[in-house]
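Here's protein19.cif, which has mmCIF, C-alpha atoms:
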data_my_file
#
loop_
_atom_site.group_PDB
_atom_site.id
_atom_site.type_symbol
_atom_site.label_atom_id
_atom_site.label_comp_id
_atom_site.auth_asym_id
_atom_site.auth_seq_id
_atom_site.Cartn_x
_atom_site.Cartn_y
_atom_site.Cartn_z
ATOM 1 C CA MET A 1 124.445 149.219 -21.541
ATOM 2 C CA GLU A 2 125.041 145.715 -22.889
ATOM 3 C CA ASN A 3 128.017 145.300 -20.540
ATOM 4 C CA TYR A 4 125.816 146.264 -17.597
ATOM 5 C CA LEU A 5 123.245 143.565 -18.491
ATOM 6 C CA VAL A 6 126.002 141.000 -18.869
ATOM 7 C CA VAL A 7 127.366 141.874 -15.453
ATOM 8 C CA LEU A 8 123.873 141.721 -13.972
ATOM 9 C CA LEU A 9 123.176 138.299 -15.485
ATOM 10 C CA LEU A 10 126.538 137.013 -14.327
ATOM 11 C CA SER A 11 125.805 138.282 -10.784
ATOM 12 C CA VAL A 12 122.421 136.522 -10.792
ATOM 13 C CA PHE A 13 124.013 133.276 -11.982
ATOM 14 C CA VAL A 14 126.723 133.532 -9.303
ATOM 15 C CA LEU A 15 124.100 134.205 -6.613
ATOM 16 C CA LEU A 16 121.938 131.272 -7.772
ATOM 17 C CA GLY A 17 125.044 129.075 -7.840
ATOM 18 C CA ALA A 18 126.007 130.062 -4.319
ATOM 19 C CA LEU A 19 122.439 129.431 -3.123
ATOM 20 C CA TYR A 20 122.431 126.005 -4.777
ATOM 21 C CA VAL A 21 125.795 125.100 -3.275
ATOM 22 C CA ASN A 22 124.561 126.142 0.202
ATOM 23 C CA THR A 23 121.399 124.057 -0.242
ATOM 24 C CA VAL A 24 123.443 121.058 -1.380
ATOM 25 C CA GLU A 25 125.822 121.405 1.553
ATOM 26 C CA ARG A 26 122.907 121.547 4.030
ATOM 27 C CA ARG A 27 121.384 118.459 2.423
ATOM 28 C CA ILE A 28 124.719 116.671 2.653
ATOM 29 C CA ILE A 29 124.999 117.559 6.368
ATOM 30 C CA GLN A 30 121.427 116.370 6.960
ATOM 31 C CA ILE A 31 122.148 113.094 5.152
ATOM 32 C CA LYS A 32 125.310 112.612 7.220
ATOM 33 C CA ASP A 33 123.324 113.206 10.426
ATOM 34 C CA GLU A 34 120.690 110.703 9.329
ATOM 35 C CA LEU A 35 123.404 108.171 8.449
ATOM 36 C CA LEU A 36 125.006 108.711 11.863
ATOM 37 C CA GLN A 37 121.614 108.286 13.597
ATOM 38 C CA HIS A 38 120.939 105.107 11.596
ATOM 39 C CA GLY A 39 124.415 103.892 12.515
ATOM 40 C CA ASN A 40 123.666 104.404 16.219
ATOM 41 C CA GLU A 41 120.346 102.611 15.853
ATOM 42 C CA ILE A 42 122.054 99.721 14.063
ATOM 43 C CA LYS A 43 124.652 99.559 16.848
ATOM 44 C CA LYS A 44 121.902 99.554 19.484
ATOM 45 C CA VAL A 45 120.040 96.791 17.621
ATOM 46 C CA LYS A 46 123.274 94.749 17.472
ATOM 47 C CA GLU A 47 123.766 95.207 21.221
ATOM 48 C CA GLU A 48 120.171 94.128 21.886
ATOM 49 C CA LEU A 49 120.684 91.127 19.593
ATOM 50 C CA GLU A 50 123.837 90.170 21.479
ATOM 51 C CA SER A 51 122.015 90.523 24.837
ATOM 52 C CA THR A 52 119.135 88.393 23.491
ATOM 53 C CA ARG A 53 121.614 85.706 22.402
ATOM 54 C CA LYS A 54 123.139 85.669 25.886
ATOM 55 C CA GLU A 55 119.687 85.431 27.482
ATOM 56 C CA LEU A 56 118.816 82.594 25.093
ATOM 57 C CA THR A 57 121.972 80.761 26.117
ATOM 58 C CA GLN A 58 121.065 81.244 29.790
ATOM 59 C CA VAL A 59 117.540 79.960 29.097
ATOM 60 C CA LYS A 60 118.995 76.869 27.399
ATOM 61 C CA VAL A 61 121.184 76.216 30.463
ATOM 62 C CA GLU A 62 118.200 76.634 32.780
ATOM 63 C CA LEU A 63 116.085 74.369 30.546
ATOM 64 C CA GLU A 64 118.731 71.664 30.746
ATOM 65 C CA SER A 65 118.859 72.010 34.534
ATOM 66 C CA THR A 66 115.051 71.822 34.690
ATOM 67 C CA ARG A 67 115.074 68.612 32.615
ATOM 68 C CA LYS A 68 117.562 67.058 35.038
ATOM 69 C CA GLU A 69 115.394 68.101 38.006
ATOM 70 C CA LEU A 70 112.336 66.649 36.266
ATOM 71 C CA LYS A 71 114.107 63.293 35.895
ATOM 72 C CA GLN A 72 114.987 63.401 39.607
ATOM 73 C CA VAL A 73 111.343 64.179 40.439
ATOM 74 C CA HIS A 74 110.199 61.166 38.372
ATOM 75 C CA VAL A 75 112.586 58.957 40.361
ATOM 76 C CA GLU A 76 111.321 60.385 43.677
ATOM 77 C CA LEU A 77 107.724 59.953 42.536
ATOM 78 C CA LYS A 78 108.286 56.249 41.904
ATOM 79 C CA SER A 79 109.831 55.874 45.337
ATOM 80 C CA THR A 80 106.928 57.780 46.923
ATOM 81 C CA ARG A 81 104.377 55.519 45.207
ATOM 82 C CA LYS A 82 106.089 52.501 46.703
ATOM 83 C CA GLU A 83 106.028 54.074 50.144
ATOM 84 C CA LEU A 84 102.347 54.926 49.649
ATOM 85 C CA LYS A 85 101.500 51.291 48.953
ATOM 86 C CA LEU A 86 103.276 50.272 52.164
ATOM 87 C CA LEU A 87 101.407 52.956 54.084
ATOM 88 C CA GLN A 88 98.079 51.773 52.669
ATOM 89 C CA VAL A 89 98.828 48.306 53.959
ATOM 90 C CA GLU A 90 99.704 49.719 57.392
ATOM 91 C CA LEU A 91 96.550 51.843 57.324
ATOM 92 C CA GLU A 92 94.359 48.839 56.747
ATOM 93 C CA SER A 93 96.032 47.057 59.639
ATOM 94 C CA THR A 94 95.587 50.122 61.826
ATOM 95 C CA ARG A 95 91.872 50.297 60.948
ATOM 96 C CA LYS A 96 91.388 46.745 62.144
ATOM 97 C CA GLU A 97 93.167 47.570 65.393
ATOM 98 C CA LEU A 98 91.026 50.692 65.725
ATOM 99 C CA LYS A 99 87.842 48.614 65.526
ATOM 100 C CA LEU A 100 89.075 46.453 68.378
ATOM 101 C CA VAL A 101 89.992 49.561 70.392
ATOM 102 C CA LYS A 102 86.513 51.033 69.793
ATOM 103 C CA VAL A 103 84.913 47.910 71.171
ATOM 104 C CA GLU A 104 87.108 48.106 74.278
ATOM 105 C CA LEU A 105 86.410 51.830 74.546
ATOM 106 C CA GLU A 106 82.659 51.299 74.510
ATOM 107 C CA SER A 107 83.007 48.765 77.283
ATOM 108 C CA THR A 108 85.168 51.209 79.260
ATOM 109 C CA ARG A 109 82.612 53.977 78.754
ATOM 110 C CA ASN A 110 79.875 51.808 80.236
ATOM 111 C CA VAL A 111 82.056 51.153 83.273
ATOM 112 C CA LEU A 112 82.888 54.887 83.477
ATOM 113 C CA LYS A 113 79.190 55.835 83.444
ATOM 114 C CA GLN A 114 78.595 53.612 86.416
ATOM 115 C CA VAL A 115 81.600 55.135 88.204
ATOM 116 C CA LYS A 116 80.286 58.653 87.450
ATOM 117 C CA VAL A 117 76.925 57.812 88.977
ATOM 118 C CA GLU A 118 78.645 56.615 92.136
ATOM 119 C CA LEU A 119 80.962 59.662 92.083
ATOM 120 C CA ASP A 120 78.035 62.103 91.766
ATOM 121 C CA SER A 121 76.363 60.508 94.719
ATOM 122 C CA THR A 122 79.586 60.801 96.725
ATOM 123 C CA ARG A 123 80.011 64.463 95.703
ATOM 124 C CA GLU A 124 76.515 65.299 96.873
ATOM 125 C CA GLN A 125 77.287 63.827 100.256
ATOM 126 C CA ILE A 126 80.619 65.707 100.378
ATOM 127 C CA ASN A 127 78.897 69.013 99.424
ATOM 128 C CA ILE A 128 76.342 68.565 102.184
ATOM 129 C CA LEU A 129 79.121 67.964 104.696
ATOM 130 C CA ARG A 130 81.150 70.899 103.297
ATOM 131 C CA LYS A 131 78.200 73.297 103.637
ATOM 132 C CA GLU A 132 77.708 72.236 107.218
ATOM 133 C CA MET A 133 81.429 72.711 107.925
ATOM 134 C CA ILE A 134 81.500 76.142 106.184
ATOM 135 C CA GLU A 135 78.476 77.332 108.157
ATOM 136 C CA LYS A 136 80.069 76.235 111.401
ATOM 137 C CA ASP A 137 83.434 77.717 110.366
ATOM 138 C CA ASN A 138 81.842 81.069 109.397
ATOM 139 C CA ALA A 139 80.030 81.224 112.717
ATOM 140 C CA ARG A 140 83.319 80.592 114.526
ATOM 141 C CA LYS A 141 85.114 83.204 112.379
ATOM 142 C CA GLU A 142 82.466 85.800 113.211
ATOM 143 C CA GLU A 143 82.887 85.060 116.897
ATOM 144 C CA ILE A 144 86.691 85.253 116.558
ATOM 145 C CA ASP A 145 86.490 88.541 114.557
ATOM 146 C CA GLN A 146 84.200 90.056 117.185
ATOM 147 C CA MET A 147 86.541 88.976 119.950
ATOM 148 C CA ARG A 148 89.580 90.265 118.002
ATOM 149 C CA ALA A 149 87.880 93.634 117.369
ATOM 150 C CA HIS A 150 86.996 93.872 121.042
ATOM 151 C CA VAL A 151 90.566 93.001 122.057
ATOM 152 C CA ASN A 152 91.990 95.564 119.562
ATOM 153 C CA ALA A 153 89.662 98.236 120.908
ATOM 154 C CA LEU A 154 90.760 97.439 124.446
ATOM 155 C CA TYR A 155 94.405 97.494 123.331
ATOM 156 C CA GLU A 156 94.036 100.898 121.642
ATOM 157 C CA GLU A 157 92.232 102.240 124.696
ATOM 158 C CA LEU A 158 95.047 100.926 126.898
ATOM 159 C CA LYS A 159 97.654 102.580 124.656
ATOM 160 C CA GLU A 160 95.846 105.923 124.890
ATOM 161 C CA ILE A 161 95.614 105.586 128.677
ATOM 162 C CA LYS A 162 99.335 104.797 128.865
ATOM 163 C CA LYS A 163 100.141 107.817 126.673
ATOM 164 C CA GLU A 164 97.981 110.083 128.802
ATOM 165 C CA LEU A 165 99.521 108.735 132.003
ATOM 166 C CA LYS A 166 103.019 109.119 130.581
ATOM 167 C CA ALA A 167 102.318 112.660 129.373
ATOM 168 C CA ALA A 168 100.693 113.550 132.692
ATOM 169 C CA ASN A 169 103.776 112.361 134.587
ATOM 170 C CA ILE A 170 106.256 114.309 132.429
ATOM 171 C CA PRO A 171 107.041 117.723 134.004
ATOM 172 C CA VAL A 172 106.289 120.704 131.757
ATOM 173 C CA ALA A 173 108.044 124.036 132.306
ATOM 174 C CA PHE A 174 109.759 126.627 130.108
ATOM 175 C CA TYR A 175 111.552 129.939 130.412
ATOM 176 C CA ALA A 176 112.644 132.138 127.475
ATOM 177 C CA TYR A 177 113.750 135.757 127.088
ATOM 178 C CA LEU A 178 114.854 138.303 124.481
ATOM 179 C CA SER A 179 118.578 138.282 123.808
ATOM 180 C CA ALA A 180 118.610 142.028 122.992
ATOM 181 C CA ASN A 181 116.467 145.161 123.037
ATOM 182 C CA LEU A 182 113.485 145.112 120.669
ATOM 183 C CA ASP A 183 112.827 148.239 118.574
ATOM 184 C CA ILE A 184 109.155 149.009 119.270
ATOM 185 C CA SER A 185 108.641 150.916 115.999
ATOM 186 C CA SER A 186 109.736 147.867 113.982
ATOM 187 C CA VAL A 187 107.156 145.548 115.598
ATOM 188 C CA PRO A 188 103.598 145.653 114.110
ATOM 189 C CA THR A 189 100.551 145.615 116.379
ATOM 190 C CA HIS A 190 99.380 142.083 117.277
ATOM 191 C CA SER A 191 102.664 140.508 116.176
ATOM 192 C CA ILE A 192 103.948 137.598 118.299
ATOM 193 C CA ILE A 193 106.985 138.343 120.446
ATOM 194 C CA LYS A 194 109.609 135.664 119.737
ATOM 195 C CA TYR A 195 111.713 135.156 122.869
ATOM 196 C CA ASP A 196 114.829 133.726 121.226
ATOM 197 C CA VAL A 197 116.913 132.580 124.219
ATOM 198 C CA VAL A 198 115.430 129.364 125.674
ATOM 199 C CA ASP A 199 116.838 128.753 129.123
ATOM 200 C CA LEU A 200 114.450 125.947 130.129
ATOM 201 C CA ASN A 201 112.102 123.776 128.035
ATOM 202 C CA LEU A 202 110.953 120.654 129.898
ATOM 203 C CA GLY A 203 108.433 118.780 127.747
ATOM 204 C CA ASN A 204 109.573 120.703 124.630
ATOM 205 C CA GLY A 205 106.396 122.772 124.565
ATOM 206 C CA TYR A 206 107.986 126.132 123.666
ATOM 207 C CA VAL A 207 109.173 126.807 120.062
ATOM 208 C CA ALA A 208 111.551 129.774 119.810
ATOM 209 C CA SER A 209 111.174 130.163 116.025
ATOM 210 C CA SER A 210 107.432 130.850 116.367
ATOM 211 C CA GLY A 211 107.321 132.255 119.915
ATOM 212 C CA GLN A 212 104.476 129.864 120.794
ATOM 213 C CA PHE A 213 103.974 127.339 123.552
ATOM 214 C CA LYS A 214 102.014 124.210 122.587
ATOM 215 C CA ALA A 215 100.553 122.163 125.454
ATOM 216 C CA PRO A 216 101.975 118.609 125.329
ATOM 217 C CA SER A 217 99.161 117.311 127.601
ATOM 218 C CA ASP A 218 95.895 118.315 129.260
ATOM 219 C CA GLY A 219 96.109 120.143 132.579
ATOM 220 C CA LEU A 220 96.305 123.355 134.604
ATOM 221 C CA TYR A 221 99.164 125.696 133.581
ATOM 222 C CA VAL A 222 100.493 128.997 134.926
ATOM 223 C CA PHE A 223 102.105 131.582 132.581
ATOM 224 C CA HIS A 224 104.232 134.619 133.451
ATOM 225 C CA ILE A 225 105.194 137.594 131.237
ATOM 226 C CA THR A 226 107.740 140.285 132.178
ATOM 227 C CA THR A 227 107.943 143.399 129.968
ATOM 228 C CA GLY A 228 110.333 146.365 130.398
ATOM 229 C CA THR A 229 110.431 149.726 128.610
ATOM 230 C CA ARG A 230 112.899 152.633 128.909
ATOM 231 C CA ASP A 231 113.010 156.395 128.379
ATOM 232 C CA TYR A 232 109.711 157.657 127.040
ATOM 233 C CA SER A 233 108.611 154.228 125.720
ATOM 234 C CA GLN A 234 105.464 152.175 126.253
ATOM 235 C CA ALA A 235 104.027 148.809 125.148
ATOM 236 C CA VAL A 236 100.919 146.772 125.903
ATOM 237 C CA VAL A 237 101.692 143.012 125.894
ATOM 238 C CA GLU A 238 98.823 140.520 125.677
ATOM 239 C CA LEU A 239 98.759 136.841 126.717
ATOM 240 C CA ILE A 240 96.974 134.912 123.939
ATOM 241 C CA SER A 241 95.583 131.353 124.097
ATOM 242 C CA ASN A 242 94.247 129.876 120.853
ATOM 243 C CA GLY A 243 93.823 133.397 119.446
ATOM 244 C CA VAL A 244 91.898 134.707 122.486
ATOM 245 C CA ILE A 245 93.245 137.378 124.865
ATOM 246 C CA LYS A 246 93.627 135.889 128.364
ATOM 247 C CA ASP A 247 95.620 138.635 130.144
ATOM 248 C CA ILE A 248 97.062 142.128 129.450
ATOM 249 C CA THR A 249 100.004 144.085 130.919
ATOM 250 C CA TRP A 250 101.268 147.599 130.162
ATOM 251 C CA ALA A 251 104.846 148.783 130.676
ATOM 252 C CA ASP A 252 104.568 152.559 130.563
ATOM 253 C CA SER A 253 107.494 155.027 130.726
ATOM 254 C CA ARG A 254 106.216 157.297 127.981
ATOM 255 C CA ASP A 255 106.213 160.474 130.136
ATOM 256 C CA HIS A 256 109.539 160.138 131.937
ATOM 257 C CA PRO A 257 113.208 159.200 131.199
ATOM 258 C CA ASP A 258 113.333 156.016 133.230
ATOM 259 C CA ARG A 259 112.431 152.329 133.154
ATOM 260 C CA ALA A 260 108.993 150.739 133.588
ATOM 261 C CA VAL A 261 108.360 147.023 134.241
ATOM 262 C CA ALA A 262 105.029 145.158 134.011
ATOM 263 C CA THR A 263 104.321 141.492 134.790
ATOM 264 C CA THR A 264 101.447 139.009 134.575
ATOM 265 C CA VAL A 265 100.797 135.675 136.299
ATOM 266 C CA THR A 266 97.956 133.840 134.580
ATOM 267 C CA PRO A 267 96.578 130.322 135.278
ATOM 268 C CA LEU A 268 95.035 128.576 132.242
ATOM 269 C CA ASN A 269 93.286 125.223 131.874
ATOM 270 C CA LEU A 270 94.617 123.781 128.588
ATOM 271 C CA TRP A 271 93.933 120.774 126.451
ATOM 272 C CA LYS A 272 96.686 118.951 124.598
ATOM 273 C CA GLY A 273 97.645 120.943 121.479
ATOM 274 C CA ASP A 274 96.352 124.320 122.749
ATOM 275 C CA THR A 275 98.715 127.230 121.979
ATOM 276 C CA VAL A 276 99.795 130.175 124.165
ATOM 277 C CA ASN A 277 101.943 133.195 123.196
ATOM 278 C CA ALA A 278 102.691 136.827 124.028
ATOM 279 C CA ARG A 279 102.003 139.548 121.473
ATOM 280 C CA ILE A 280 102.209 143.352 121.104
ATOM 281 C CA GLY A 281 98.887 145.053 121.961
ATOM 282 C CA LEU A 282 97.146 148.130 120.632
ATOM 283 C CA GLU A 283 99.230 150.665 122.627
ATOM 284 C CA LYS A 284 102.922 150.990 121.744
ATOM 285 C CA GLY A 285 105.440 153.727 121.086
ATOM 286 C CA GLY A 286 108.800 155.199 121.909
ATOM 287 C CA ALA A 287 112.174 153.491 121.660
ATOM 288 C CA VAL A 288 112.575 149.885 122.842
ATOM 289 C CA LEU A 289 111.438 146.966 124.893
ATOM 290 C CA GLU A 290 114.489 146.602 127.123
ATOM 291 C CA SER A 291 116.188 143.260 127.583
ATOM 292 C CA THR A 292 119.651 143.841 129.066
ATOM 293 C CA ILE A 293 121.627 143.102 132.216
ATOM 294 C CA ASP A 294 119.193 145.398 134.034
ATOM 295 C CA ILE A 295 115.832 144.099 132.765
ATOM 296 C CA ARG A 296 114.830 140.956 130.874
ATOM 297 C CA CYS A 297 111.705 140.735 128.755
ATOM 298 C CA SER A 298 110.723 137.124 129.369
ATOM 299 C CA PHE A 299 107.974 134.549 128.832
ATOM 300 C CA SER A 300 107.635 131.473 131.062
ATOM 301 C CA GLY A 301 105.155 128.875 132.234
ATOM 302 C CA PHE A 302 104.732 125.513 133.933
ATOM 303 C CA LYS A 303 102.145 122.785 134.383
ATOM 304 C CA VAL A 304 100.594 122.557 137.856
ATOM 305 C CA HIS A 305 98.827 119.216 137.377
#
Entire entry expressed as structure tokens:
Amino acid sequence: MENYLVVLLLSVFVLLGALYVNTVERRIIQIKDELLQHGNEIKKVKEELESTRKELTQVKVELESTRKELKQVHVELKSTRKELKLLQVELESTRKELKLVKVELESTRNVLKQVKVELDSTREQINILRKEMIEKDNARKEEIDQMRAHVNALYEELKEIKKELKAANIPVAFYAYLSANLDISSVPTHSIIKYDVVDLNLGNGYVASSGQFKAPSDGLYVFHITTGTRDYSQAVVELISNGVIKDITWADSRDHPDRAVATTVTPLNLWKGDTVNARIGLEKGGAVLESTIDIRCSFSGFKVH
């Protein structure tokens, strides 16, 4: 039992010793860290002190330079004061000259006033004469403008007369036909027939791309349409002027295997720009409008006078 207590006491002492040693070691490490931190701070303070010394040296150099510049400024100030005295003398002389100039200026102003009075009187006379001249000139310009407008109107009228005479003297005639048979079923009702082969086109009134004739001048015209059908076919063809039906023809072979031909001859009184064309009418059917070596579907016209 006594041995057990001895062992227990020894264990407690050993444990307390180990705990004390650990505490001491931690304190030593903490002290070392603090010493290291203080060492770094001391090093930083030394560096700042060294930088401050360098800045102080630089300030001393700048102060010396400033003192030299100040001496130079004192020298320049003395020189400037001397120049100022000379300028003050010149200023006084200039003031005296200015007084003399003012006297001469006042005299000149008096003379100028008199000249202005005479000038104003002259200007009034000139303005009166100018107004009279402007009034006369405006009256003449109005007369000239009226005469010019009248001459221009006469010139334009003459140009129109010349154009009308020229257009009236140009012969107008055209003849066009279909280059091949036209499938009746493919042509809608009231569609313009475009006669694509233009054999004659004096005056350039007929346009193959549209199938229309456009009157190049006023006058009396005569138009002719030839329409052929074949083998149980039929078609009504209308002559149209400015959208209005002027004549109708009907090529009818719907009830027999043979050809049928219909023609129109239609006089029309047209104004310049009026249009004339042939179109498919309400009745149509069968195979084709024939345009071959045997029959030609054609559209033609000419100006009588």
So, with all atoms listed in the file as the atoms that count, which of A:Asn169, A:Ser300, A:Asn242, A:Asn22 lies closest to Val276 (chain A)?
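Using all atoms listed in the file, the shortest distance to Val276 (chain A) belongs to A:Asn242.
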Distance in Å - CA of Ser107 (chain A) versus CA of Thr122 (chain A)
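Distance reported for this atom pair: 23.1 Å.
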One decimal, in Å: what's the spacing between CA of Thr227 (chain A) and CA of Gly211 (chain A)?
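A separation of 15.0 Å between them.
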Have a look at CA of Asn269 (chain A) and CA of Ala208 (chain A) and let me know their distance in Å, one decimal.
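Atom-to-atom, CA of Asn269 (chain A) and CA of Ala208 (chain A) are spaced 22.4 Å apart.
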Once 5 Å is added on each side, what are the centre and the three edge lengths, in Å to one decimal, of the axis-aligned box enclosing the listed atoms of region 141-154 of chain A? Present them as JSON.
{"center_x": 87.2, "center_y": 90.7, "center_z": 118.4, "size_x": 19.5, "size_y": 25.0, "size_z": 22.1}
How would region 15-33 of chain A of the given structure read as a file with N, CA and C atoms, as a PDB file, in the first residue's frame?
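decode_21.pdb, written as the output of this step:
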ATOM      1  N   LEU A  15       4.120  14.354 -13.747  1.00  0.00           N
ATOM      2  CA  LEU A  15       3.125  15.019 -14.598  1.00  0.00           C
ATOM      3  C   LEU A  15       3.194  16.521 -14.428  1.00  0.00           C
ATOM      4  N   LEU A  16       3.297  16.985 -13.155  1.00  0.00           N
ATOM      5  CA  LEU A  16       3.409  18.435 -12.905  1.00  0.00           C
ATOM      6  C   LEU A  16       4.683  18.982 -13.515  1.00  0.00           C
ATOM      7  N   GLY A  17       5.769  18.187 -13.451  1.00  0.00           N
ATOM      8  CA  GLY A  17       7.036  18.637 -14.036  1.00  0.00           C
ATOM      9  C   GLY A  17       6.930  18.796 -15.549  1.00  0.00           C
ATOM     10  N   ALA A  18       6.282  17.769 -16.148  1.00  0.00           N
ATOM     11  CA  ALA A  18       6.124  17.837 -17.618  1.00  0.00           C
ATOM     12  C   ALA A  18       5.275  19.021 -18.019  1.00  0.00           C
ATOM     13  N   LEU A  19       4.186  19.269 -17.211  1.00  0.00           N
ATOM     14  CA  LEU A  19       3.315  20.417 -17.522  1.00  0.00           C
ATOM     15  C   LEU A  19       4.069  21.718 -17.381  1.00  0.00           C
ATOM     16  N   TYR A  20       4.918  21.802 -16.344  1.00  0.00           N
ATOM     17  CA  TYR A  20       5.697  23.043 -16.143  1.00  0.00           C
ATOM     18  C   TYR A  20       6.679  23.253 -17.278  1.00  0.00           C
ATOM     19  N   VAL A  21       7.340  22.153 -17.662  1.00  0.00           N
ATOM     20  CA  VAL A  21       8.322  22.265 -18.769  1.00  0.00           C
ATOM     21  C   VAL A  21       7.642  22.732 -20.052  1.00  0.00           C
ATOM     22  N   ASN A  22       6.430  22.172 -20.317  1.00  0.00           N
ATOM     23  CA  ASN A  22       5.688  22.563 -21.538  1.00  0.00           C
ATOM     24  C   ASN A  22       5.321  24.031 -21.503  1.00  0.00           C
ATOM     25  N   THR A  23       4.875  24.471 -20.278  1.00  0.00           N
ATOM     26  CA  THR A  23       4.507  25.901 -20.122  1.00  0.00           C
ATOM     27  C   THR A  23       5.720  26.775 -20.331  1.00  0.00           C
ATOM     28  N   VAL A  24       6.847  26.382 -19.781  1.00  0.00           N
ATOM     29  CA  VAL A  24       8.087  27.171 -19.922  1.00  0.00           C
ATOM     30  C   VAL A  24       8.511  27.233 -21.379  1.00  0.00           C
ATOM     31  N   GLU A  25       8.413  26.070 -22.061  1.00  0.00           N
ATOM     32  CA  GLU A  25       8.810  26.075 -23.480  1.00  0.00           C
ATOM     33  C   GLU A  25       7.916  26.999 -24.311  1.00  0.00           C
ATOM     34  N   ARG A  26       6.586  26.967 -24.042  1.00  0.00           N
ATOM     35  CA  ARG A  26       5.678  27.859 -24.772  1.00  0.00           C
ATOM     36  C   ARG A  26       6.013  29.325 -24.526  1.00  0.00           C
ATOM     37  N   ARG A  27       6.338  29.610 -23.230  1.00  0.00           N
ATOM     38  CA  ARG A  27       6.686  31.002 -22.891  1.00  0.00           C
ATOM     39  C   ARG A  27       7.953  31.423 -23.594  1.00  0.00           C
ATOM     40  N   ILE A  28       8.906  30.468 -23.678  1.00  0.00           N
ATOM     41  CA  ILE A  28      10.174  30.788 -24.361  1.00  0.00           C
ATOM     42  C   ILE A  28       9.910  31.078 -25.837  1.00  0.00           C
ATOM     43  N   ILE A  29       9.032  30.243 -26.460  1.00  0.00           N
ATOM     44  CA  ILE A  29       8.723  30.458 -27.889  1.00  0.00           C
ATOM     45  C   ILE A  29       8.031  31.804 -28.089  1.00  0.00           C
ATOM     46  N   GLN A  30       7.119  32.134 -27.155  1.00  0.00           N
ATOM     47  CA  GLN A  30       6.406  33.416 -27.255  1.00  0.00           C
ATOM     48  C   GLN A  30       7.379  34.574 -27.140  1.00  0.00           C
ATOM     49  N   ILE A  31       8.333  34.429 -26.179  1.00  0.00           N
ATOM     50  CA  ILE A  31       9.323  35.511 -25.979  1.00  0.00           C
ATOM     51  C   ILE A  31      10.184  35.660 -27.218  1.00  0.00           C
ATOM     52  N   LYS A  32      10.569  34.489 -27.816  1.00  0.00           N
ATOM     53  CA  LYS A  32      11.380  34.569 -29.043  1.00  0.00           C
ATOM     54  C   LYS A  32      10.615  35.282 -30.161  1.00  0.00           C
ATOM     55  N   ASP A  33       9.303  34.940 -30.271  1.00  0.00           N
ATOM     56  CA  ASP A  33       8.493  35.596 -31.319  1.00  0.00           C
ATOM     57  C   ASP A  33       8.409  37.103 -31.088  1.00  0.00           C
TER      58      ASP A  33
END
